[in-house]
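Below is one structure, written out as structure tokens; comments come after it.
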Amino acid sequence: HLGSSHPKPFPGDILEFPLNKYFSHFGIYYGERDGVPYVAHLTCRDSETKLLLFGRALKSEVKLDPVELVGRKYKVRNLLDKVHPPRDFYSLVKPAIDDMIGRDVTFDILFHNSEHQATLFRYGLKKSTQIEKVYAQILPTWKKPFEKKKL
């Protein structure tokens, strides 16, 4: 597993697949099927919806794909474990994933992206640290124009 922080993830672990310098794709390690490791992740259904309009895609869903299909480089990123105890995989997370597979989900880069979905499965709450970093960069830039009522 190139780029893994674990030699082998455990079911329920959050996997981070770096896309570029700023953003990553996230999913939940689901376990193996016939020796093939799988990840549950929020993704667009078809190629037309990959061009997001205002950061939204209506045709999205939670899919179960082989880890290698999603990305060869990944790391385990259970970022909130120290603050929020992870939910039990077999009694809570796996049934939630199984229930969501194939359902329509609206992807929204700010409010419901793959990281939000992964933390929702693992912890029962939506959080996106990559979006929080973007906000931290944007807010100081916009603060002065708002204070001067120029926006």
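Ordering of the structure tokens sets the chain letters (A, B, ...), residue numbers begin anew at 1 in every chain, and ligands are numbered from 1 in the order given.
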Please give the complete set of residues from range 27-110 of chain A that DSSP, run on the backbone, assigns to helix (DSSP H, G or I), formatted as a PyMOL selection string. chain A and resi 47-50+67-70+89-100
Mind writing the picked residues with C-alpha atoms as a CSV table (one decimal), in the first residue's frame?
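Result saved to again.csv:
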```
chain,number,residue,atom,x,y,z
A,47,SER,CA,-18.9,11.9,-16.2
A,48,GLU,CA,-21.4,14.8,-16.8
A,49,THR,CA,-21.7,15.6,-13.1
A,50,LYS,CA,-17.9,15.7,-12.5
A,67,VAL,CA,-9.3,0.7,-2.8
A,68,GLU,CA,-6.9,0.6,-5.8
A,69,LEU,CA,-9.6,1.9,-8.2
A,70,VAL,CA,-10.1,5.0,-6.0
A,89,PHE,CA,-18.1,-0.5,12.5
A,90,TYR,CA,-20.1,-3.7,12.5
A,91,SER,CA,-23.2,-2.4,14.5
A,92,LEU,CA,-23.4,1.2,13.2
A,93,VAL,CA,-21.0,2.2,10.4
A,94,LYS,CA,-21.4,-0.9,8.1
A,95,PRO,CA,-25.2,-0.9,8.2
A,96,ALA,CA,-25.2,2.9,7.5
A,97,ILE,CA,-23.0,2.4,4.5
A,98,ASP,CA,-25.0,-0.6,3.2
A,99,ASP,CA,-28.2,1.6,3.6
A,100,MET,CA,-26.7,4.5,1.7
```
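Atom pair CA of Thr129 in chain A / CA of Lys59 in chain A: separated by 23.9 Å.
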From A:Asp88, A:Asn78, A:Tyr22, A:Glu32, residue lying nearest Glu132 in chain A [only C-alpha atoms]: A:Tyr22
Between CA of Val62 in chain A and CA of Ile109 in chain A, what is the distance in Å, rounded to a tenth? 15.1 Å
Among range 9-87 of chain A, which residues carry a DSSP assignment of strand (DSSP E or B), reported as a ChimeraX atom specification? /A:14-18,24-33,36-44,53,56-66,75-76
